[in-house]
Amino acid sequence: MRISVIVPAYNEEAVLGRCLEALVTQTVPAEEIIVVDNNSADRTAEVAEAFCEHGVRVVRETRQGAVHARNRGFDEAGGDVLGRIDADTMVGPEWVGRLAESFAPDARTGTRPDAVTGPSWFYDIPMRRTGLVAHRFFCHRLNRLLSGHPMLWGSNMALSRECWRRVRGHTCAQPGMWEDLDLAVHLSRLGLRVRYVDGLRVPVSARRIGASVRDLYSYLRAWPYTYRLHGQRRAAYGAALCLLIGIVLLRPCSLLVRLHTPYDGHLSLSRLFRRSSAVSRPLP
């Protein structure tokens, strides 16, 4: 089974090197690794090109937005399975191998999944186990409760090539939505199978949580908007209520994240008094 891994990237020079280092040192190598540079104004493309001798390929997508970068990467990929992570994801050495295992036929039914996804935890703040539990609940179980179908997590997911061929023409490209949730909605509507694999875990940065309340709200409001976009009004109302509760709960967490320098977790009290993290995760 040939595995392609796609990494959409917009102004990600601070984290992309670590991400690619983890990908090129897998115990089971990926067939190809594609970095999609989405109009970056920093050294993102240069960082990616430094890994070309390890099989990393850089393509450029001029249409701005994570959905366009993702689509370009999936369209370019030649693998049987199309993995997708973010530039601040640092996969463990067994991730590609576990991804391949996740597409094995079900022992009872003999059917293979069309897509797989798994949870994440934050590598640059303390209480990692708590973060894993919270991520399982808010990103996977809660969304399934609201919508009635599985969620896909953009930092840790994969589709079969045939699945992408079938869903490609159905995906939306409106700005301000969550492209992974949009993809999950269309997979459900097409009757395609998403397998949640709890053991397929990856660490990601908590930098987005450390942003200002305004920036955090700007990101989270895409959650109910994506449901409204697809006519899932009940799910949208539930997501909007959870958003308001989440902003209140995440505020103390945001202060905790700000105390830690991004990507390494070192304490820096001076960061607590800044208006927002200077390197908070770029929005699509």
# chains A, B, ... in the order shown; residues from 1 in each chain; ligands from 1
$ residues_around --residues "Cys242 of chain A" --least-positions-apart "5" --cutoff "12 Å" --atoms "only C-alpha atoms" --output "ChimeraX atom specification"
/A:138-139,142-143,146,217,220-221,223-224,235-237,247-250
$ write_last_selection --atoms "N, CA, C and O atoms" --output "PDB file, in the first residue's frame"
ATOM      1  N   PHE A 138     -14.097  16.842  22.406  1.00  0.00           N
ATOM      2  CA  PHE A 138     -14.589  18.012  21.672  1.00  0.00           C
ATOM      3  C   PHE A 138     -14.493  17.843  20.154  1.00  0.00           C
ATOM      4  O   PHE A 138     -15.392  18.267  19.425  1.00  0.00           O
ATOM      5  N   CYS A 139     -13.431  17.239  19.663  1.00  0.00           N
ATOM      6  CA  CYS A 139     -13.250  17.172  18.214  1.00  0.00           C
ATOM      7  C   CYS A 139     -13.912  15.956  17.578  1.00  0.00           C
ATOM      8  O   CYS A 139     -14.248  15.991  16.400  1.00  0.00           O
ATOM      9  N   LEU A 142     -18.111  14.907  20.439  1.00  0.00           N
ATOM     10  CA  LEU A 142     -19.113  15.966  20.435  1.00  0.00           C
ATOM     11  C   LEU A 142     -19.627  16.225  19.027  1.00  0.00           C
ATOM     12  O   LEU A 142     -20.841  16.384  18.813  1.00  0.00           O
ATOM     13  N   ASN A 143     -18.734  16.276  18.056  1.00  0.00           N
ATOM     14  CA  ASN A 143     -19.183  16.499  16.682  1.00  0.00           C
ATOM     15  C   ASN A 143     -20.047  15.355  16.180  1.00  0.00           C
ATOM     16  O   ASN A 143     -21.018  15.575  15.454  1.00  0.00           O
ATOM     17  N   LEU A 146     -23.439  15.912  17.670  1.00  0.00           N
ATOM     18  CA  LEU A 146     -24.156  17.027  17.055  1.00  0.00           C
ATOM     19  C   LEU A 146     -24.661  16.695  15.655  1.00  0.00           C
ATOM     20  O   LEU A 146     -25.790  17.029  15.292  1.00  0.00           O
ATOM     21  N   TYR A 217     -11.953  33.335  18.732  1.00  0.00           N
ATOM     22  CA  TYR A 217     -13.353  33.338  18.319  1.00  0.00           C
ATOM     23  C   TYR A 217     -13.464  33.334  16.799  1.00  0.00           C
ATOM     24  O   TYR A 217     -14.327  32.645  16.230  1.00  0.00           O
ATOM     25  N   LEU A 220     -13.014  29.706  15.848  1.00  0.00           N
ATOM     26  CA  LEU A 220     -14.047  28.776  16.300  1.00  0.00           C
ATOM     27  C   LEU A 220     -15.414  29.037  15.668  1.00  0.00           C
ATOM     28  O   LEU A 220     -16.221  28.113  15.553  1.00  0.00           O
ATOM     29  N   ARG A 221     -15.690  30.271  15.257  1.00  0.00           N
ATOM     30  CA  ARG A 221     -17.010  30.535  14.686  1.00  0.00           C
ATOM     31  C   ARG A 221     -17.202  29.822  13.350  1.00  0.00           C
ATOM     32  O   ARG A 221     -18.333  29.686  12.864  1.00  0.00           O
ATOM     33  N   TRP A 223     -16.939  26.791  13.065  1.00  0.00           N
ATOM     34  CA  TRP A 223     -17.560  25.519  13.432  1.00  0.00           C
ATOM     35  C   TRP A 223     -19.071  25.534  13.151  1.00  0.00           C
ATOM     36  O   TRP A 223     -19.549  24.760  12.310  1.00  0.00           O
ATOM     37  N   PRO A 224     -19.858  26.419  13.798  1.00  0.00           N
ATOM     38  CA  PRO A 224     -21.289  26.443  13.464  1.00  0.00           C
ATOM     39  C   PRO A 224     -21.557  26.897  12.035  1.00  0.00           C
ATOM     40  O   PRO A 224     -22.530  26.444  11.407  1.00  0.00           O
ATOM     41  N   ALA A 235     -27.277  20.946  14.297  1.00  0.00           N
ATOM     42  CA  ALA A 235     -25.861  20.840  14.636  1.00  0.00           C
ATOM     43  C   ALA A 235     -25.229  22.215  14.773  1.00  0.00           C
ATOM     44  O   ALA A 235     -24.377  22.444  15.645  1.00  0.00           O
ATOM     45  N   ALA A 236     -25.655  23.171  13.923  1.00  0.00           N
ATOM     46  CA  ALA A 236     -25.112  24.530  13.990  1.00  0.00           C
ATOM     47  C   ALA A 236     -25.473  25.208  15.301  1.00  0.00           C
ATOM     48  O   ALA A 236     -24.636  25.879  15.913  1.00  0.00           O
ATOM     49  N   TYR A 237     -26.719  25.047  15.753  1.00  0.00           N
ATOM     50  CA  TYR A 237     -27.118  25.636  17.035  1.00  0.00           C
ATOM     51  C   TYR A 237     -26.318  25.030  18.185  1.00  0.00           C
ATOM     52  O   TYR A 237     -25.875  25.726  19.094  1.00  0.00           O
ATOM     53  N   ILE A 247     -15.327  29.263  24.694  1.00  0.00           N
ATOM     54  CA  ILE A 247     -14.541  30.497  24.836  1.00  0.00           C
ATOM     55  C   ILE A 247     -14.292  30.790  26.315  1.00  0.00           C
ATOM     56  O   ILE A 247     -13.187  31.173  26.718  1.00  0.00           O
ATOM     57  N   VAL A 248     -15.324  30.594  27.137  1.00  0.00           N
ATOM     58  CA  VAL A 248     -15.180  30.830  28.573  1.00  0.00           C
ATOM     59  C   VAL A 248     -14.187  29.840  29.188  1.00  0.00           C
ATOM     60  O   VAL A 248     -13.308  30.214  29.970  1.00  0.00           O
ATOM     61  N   LEU A 249     -14.313  28.568  28.816  1.00  0.00           N
ATOM     62  CA  LEU A 249     -13.437  27.550  29.385  1.00  0.00           C
ATOM     63  C   LEU A 249     -12.010  27.657  28.873  1.00  0.00           C
ATOM     64  O   LEU A 249     -11.055  27.353  29.597  1.00  0.00           O
ATOM     65  N   LEU A 250     -11.864  28.089  27.619  1.00  0.00           N
ATOM     66  CA  LEU A 250     -10.538  28.140  27.021  1.00  0.00           C
ATOM     67  C   LEU A 250      -9.733  29.359  27.440  1.00  0.00           C
ATOM     68  O   LEU A 250      -8.514  29.386  27.250  1.00  0.00           O
TER      69      LEU A 250
END
$ select_by_dssp --residues "segment 80-261 of chain A" --states "strand (DSSP E or B)" --output "JSON, numbers by chain"
{"A": [81, 82, 83, 84, 89, 115, 116, 117, 120, 121, 122, 157, 158, 159, 160, 194, 195, 196, 202, 203, 204, 260]}
$ select_by_dssp --residues "segment 164-238 of chain A" --states "alpha helix (DSSP H)" --output "MDAnalysis selection string"
chainID A and resid 164:167 179:189 213:220 222:229 233:238
$ residues_around --residues "Glu21 of chain A" --least-positions-apart "4" --cutoff "12 Å" --atoms "only C-alpha atoms" --output "PyMOL selection string"
chain A and resi 15-17+25-26+33+47-48+50-52+54-56+87-93
$ write_last_selection --atoms "N, CA and C atoms" --output "tab-separated table (two decimals), in the first residue's frame"
chain	number	residue	atom	x	y	z
A	15	VAL	N	7.65	26.02	12.04
A	15	VAL	CA	7.31	24.67	12.47
A	15	VAL	C	7.53	23.60	11.41
A	16	LEU	N	7.62	23.99	10.16
A	16	LEU	CA	7.62	23.01	9.07
A	16	LEU	C	8.82	22.08	9.12
A	17	GLY	N	9.97	22.58	9.52
A	17	GLY	CA	11.17	21.75	9.57
A	17	GLY	C	11.00	20.56	10.49
A	25	THR	N	11.68	10.35	8.74
A	25	THR	CA	12.36	9.36	9.59
A	25	THR	C	11.39	8.29	10.08
A	26	GLN	N	10.36	8.01	9.32
A	26	GLN	CA	9.39	6.99	9.68
A	26	GLN	C	9.99	5.58	9.55
A	33	ILE	N	6.00	12.65	0.01
A	33	ILE	CA	5.59	13.71	0.93
A	33	ILE	C	5.48	14.99	0.11
A	47	VAL	N	12.33	26.10	3.42
A	47	VAL	CA	12.47	25.04	4.43
A	47	VAL	C	12.07	23.70	3.84
A	48	ALA	N	10.96	23.67	3.10
A	48	ALA	CA	10.50	22.42	2.51
A	48	ALA	C	11.48	21.90	1.47
A	50	ALA	N	14.58	22.14	1.38
A	50	ALA	CA	15.77	21.57	2.01
A	50	ALA	C	15.64	20.08	2.25
A	51	PHE	N	14.40	19.56	2.19
A	51	PHE	CA	14.16	18.14	2.40
A	51	PHE	C	13.93	17.39	1.09
A	52	CYS	N	14.18	18.04	-0.04
A	52	CYS	CA	13.91	17.40	-1.33
A	52	CYS	C	14.73	16.13	-1.51
A	54	HIS	N	15.26	13.99	0.56
A	54	HIS	CA	14.61	12.94	1.33
A	54	HIS	C	13.25	12.57	0.74
A	55	GLY	N	12.99	13.05	-0.46
A	55	GLY	CA	11.75	12.68	-1.14
A	55	GLY	C	10.61	13.65	-0.96
A	56	VAL	N	10.86	14.82	-0.36
A	56	VAL	CA	9.81	15.82	-0.19
A	56	VAL	C	9.67	16.62	-1.48
A	87	ALA	N	1.19	21.62	9.30
A	87	ALA	CA	2.63	21.89	9.40
A	87	ALA	C	3.11	21.88	10.85
A	88	ASP	N	2.21	22.02	11.82
A	88	ASP	CA	2.64	21.96	13.22
A	88	ASP	C	2.38	20.59	13.83
A	89	THR	N	2.06	19.59	13.00
A	89	THR	CA	1.93	18.21	13.46
A	89	THR	C	3.31	17.57	13.48
A	90	MET	N	3.64	16.87	14.56
A	90	MET	CA	4.91	16.15	14.63
A	90	MET	C	4.59	14.67	14.87
A	91	VAL	N	4.43	13.92	13.80
A	91	VAL	CA	4.02	12.52	13.92
A	91	VAL	C	5.11	11.69	14.57
A	92	GLY	N	4.70	10.64	15.28
A	92	GLY	CA	5.65	9.70	15.82
A	92	GLY	C	6.23	8.83	14.73
A	93	PRO	N	7.31	8.09	15.00
A	93	PRO	CA	7.99	7.30	13.96
A	93	PRO	C	7.17	6.17	13.39
$ atom_distance --atom1 "atom CA of Gly148 of chain A" --atom2 "atom CA of Arg189 of chain A"
11.1 Å
$ residues_around --residues "segment 67-79 of chain A" --least-positions-apart "4" --cutoff "6 Å" --atoms "only C-alpha atoms" --output "PyMOL selection string"
chain A and resi 2-4+6+8+36+61+179
$ closest_residue --among "A:Ala115, A:Ala239, A:Val204, A:Ala9" --to "Tyr225 of chain A" --atoms "only C-alpha atoms"
A:Ala239
$ residues_around --residues "Thr27 of chain A" --least-positions-apart "6" --cutoff "9 Å" --atoms "only C-alpha atoms" --output "PyMOL selection string"
chain A and resi 93-97
$ write_last_selection --atoms "all heavy atoms" --output "PDB file, in the first residue's frame"
ATOM      1  N   PRO A  93       7.309   8.087  15.005  1.00  0.00           N
ATOM      2  CA  PRO A  93       7.992   7.301  13.964  1.00  0.00           C
ATOM      3  C   PRO A  93       7.166   6.167  13.389  1.00  0.00           C
ATOM      4  O   PRO A  93       7.487   5.648  12.322  1.00  0.00           O
ATOM      5  CB  PRO A  93       9.235   6.764  14.693  1.00  0.00           C
ATOM      6  CG  PRO A  93       8.890   6.819  16.146  1.00  0.00           C
ATOM      7  CD  PRO A  93       8.002   8.011  16.309  1.00  0.00           C
ATOM      8  N   GLU A  94       6.078   5.773  14.064  1.00  0.00           N
ATOM      9  CA  GLU A  94       5.258   4.659  13.588  1.00  0.00           C
ATOM     10  C   GLU A  94       3.997   5.120  12.862  1.00  0.00           C
ATOM     11  O   GLU A  94       3.165   4.291  12.481  1.00  0.00           O
ATOM     12  CB  GLU A  94       4.835   3.783  14.789  1.00  0.00           C
ATOM     13  CG  GLU A  94       5.983   3.309  15.660  1.00  0.00           C
ATOM     14  CD  GLU A  94       6.867   2.290  14.955  1.00  0.00           C
ATOM     15  OE1 GLU A  94       6.343   1.621  14.039  1.00  0.00           O
ATOM     16  OE2 GLU A  94       8.044   2.170  15.308  1.00  0.00           O
ATOM     17  N   TRP A  95       3.850   6.435  12.639  1.00  0.00           N
ATOM     18  CA  TRP A  95       2.572   6.954  12.150  1.00  0.00           C
ATOM     19  C   TRP A  95       2.198   6.407  10.769  1.00  0.00           C
ATOM     20  O   TRP A  95       1.065   5.965  10.555  1.00  0.00           O
ATOM     21  CB  TRP A  95       2.589   8.482  12.113  1.00  0.00           C
ATOM     22  CG  TRP A  95       1.280   9.084  11.706  1.00  0.00           C
ATOM     23  CD1 TRP A  95       0.144   9.178  12.456  1.00  0.00           C
ATOM     24  CD2 TRP A  95       0.961   9.674  10.432  1.00  0.00           C
ATOM     25  NE1 TRP A  95      -0.863   9.793  11.745  1.00  0.00           N
ATOM     26  CE2 TRP A  95      -0.385  10.101  10.503  1.00  0.00           C
ATOM     27  CE3 TRP A  95       1.688   9.880   9.265  1.00  0.00           C
ATOM     28  CZ2 TRP A  95      -1.014  10.726   9.429  1.00  0.00           C
ATOM     29  CZ3 TRP A  95       1.061  10.501   8.192  1.00  0.00           C
ATOM     30  CH2 TRP A  95      -0.276  10.917   8.286  1.00  0.00           C
ATOM     31  N   VAL A  96       3.116   6.422   9.827  1.00  0.00           N
ATOM     32  CA  VAL A  96       2.802   5.940   8.475  1.00  0.00           C
ATOM     33  C   VAL A  96       2.432   4.458   8.513  1.00  0.00           C
ATOM     34  O   VAL A  96       1.481   4.024   7.860  1.00  0.00           O
ATOM     35  CB  VAL A  96       3.981   6.196   7.511  1.00  0.00           C
ATOM     36  CG1 VAL A  96       3.757   5.472   6.183  1.00  0.00           C
ATOM     37  CG2 VAL A  96       4.146   7.690   7.252  1.00  0.00           C
ATOM     38  N   GLY A  97       3.167   3.674   9.285  1.00  0.00           N
ATOM     39  CA  GLY A  97       2.840   2.260   9.410  1.00  0.00           C
ATOM     40  C   GLY A  97       1.472   2.032  10.012  1.00  0.00           C
ATOM     41  O   GLY A  97       0.708   1.175   9.541  1.00  0.00           O
TER      42      GLY A  97
END
$ atom_distance --atom1 "atom CA of Trp164 of chain A" --atom2 "atom CA of Asp114 of chain A"
8.7 Å
$ closest_residue --among "A:Glu32, A:Glu162, A:Asp106, A:Glu13" --to "Gly83 of chain A" --atoms "only C-alpha atoms"
A:Glu32
$ atom_distance --atom1 "atom CA of Thr171 of chain A" --atom2 "atom CA of Thr111 of chain A"
24.4 Å
$ residues_around --residues "His186 of chain A" --least-positions-apart "3" --cutoff "8 Å" --atoms "only C-alpha atoms" --output "ChimeraX atom specification"
/A:167,170-171,182-183,189-190
$ closest_residue --among "A:Val7, A:Val58, A:Met177, A:Ile85" --to "Thr117 of chain A" --atoms "only C-alpha atoms"
A:Ile85
$ closest_residue --among "A:Leu181, A:Leu23, A:Leu243, A:Ile125" --to "Ser205 of chain A" --atoms "only C-alpha atoms"
A:Ile125
$ closest_residue --among "A:Ser147, A:Asp80, A:Leu99, A:Pro113" --to "Arg234 of chain A" --atoms "only C-alpha atoms"
A:Ser147
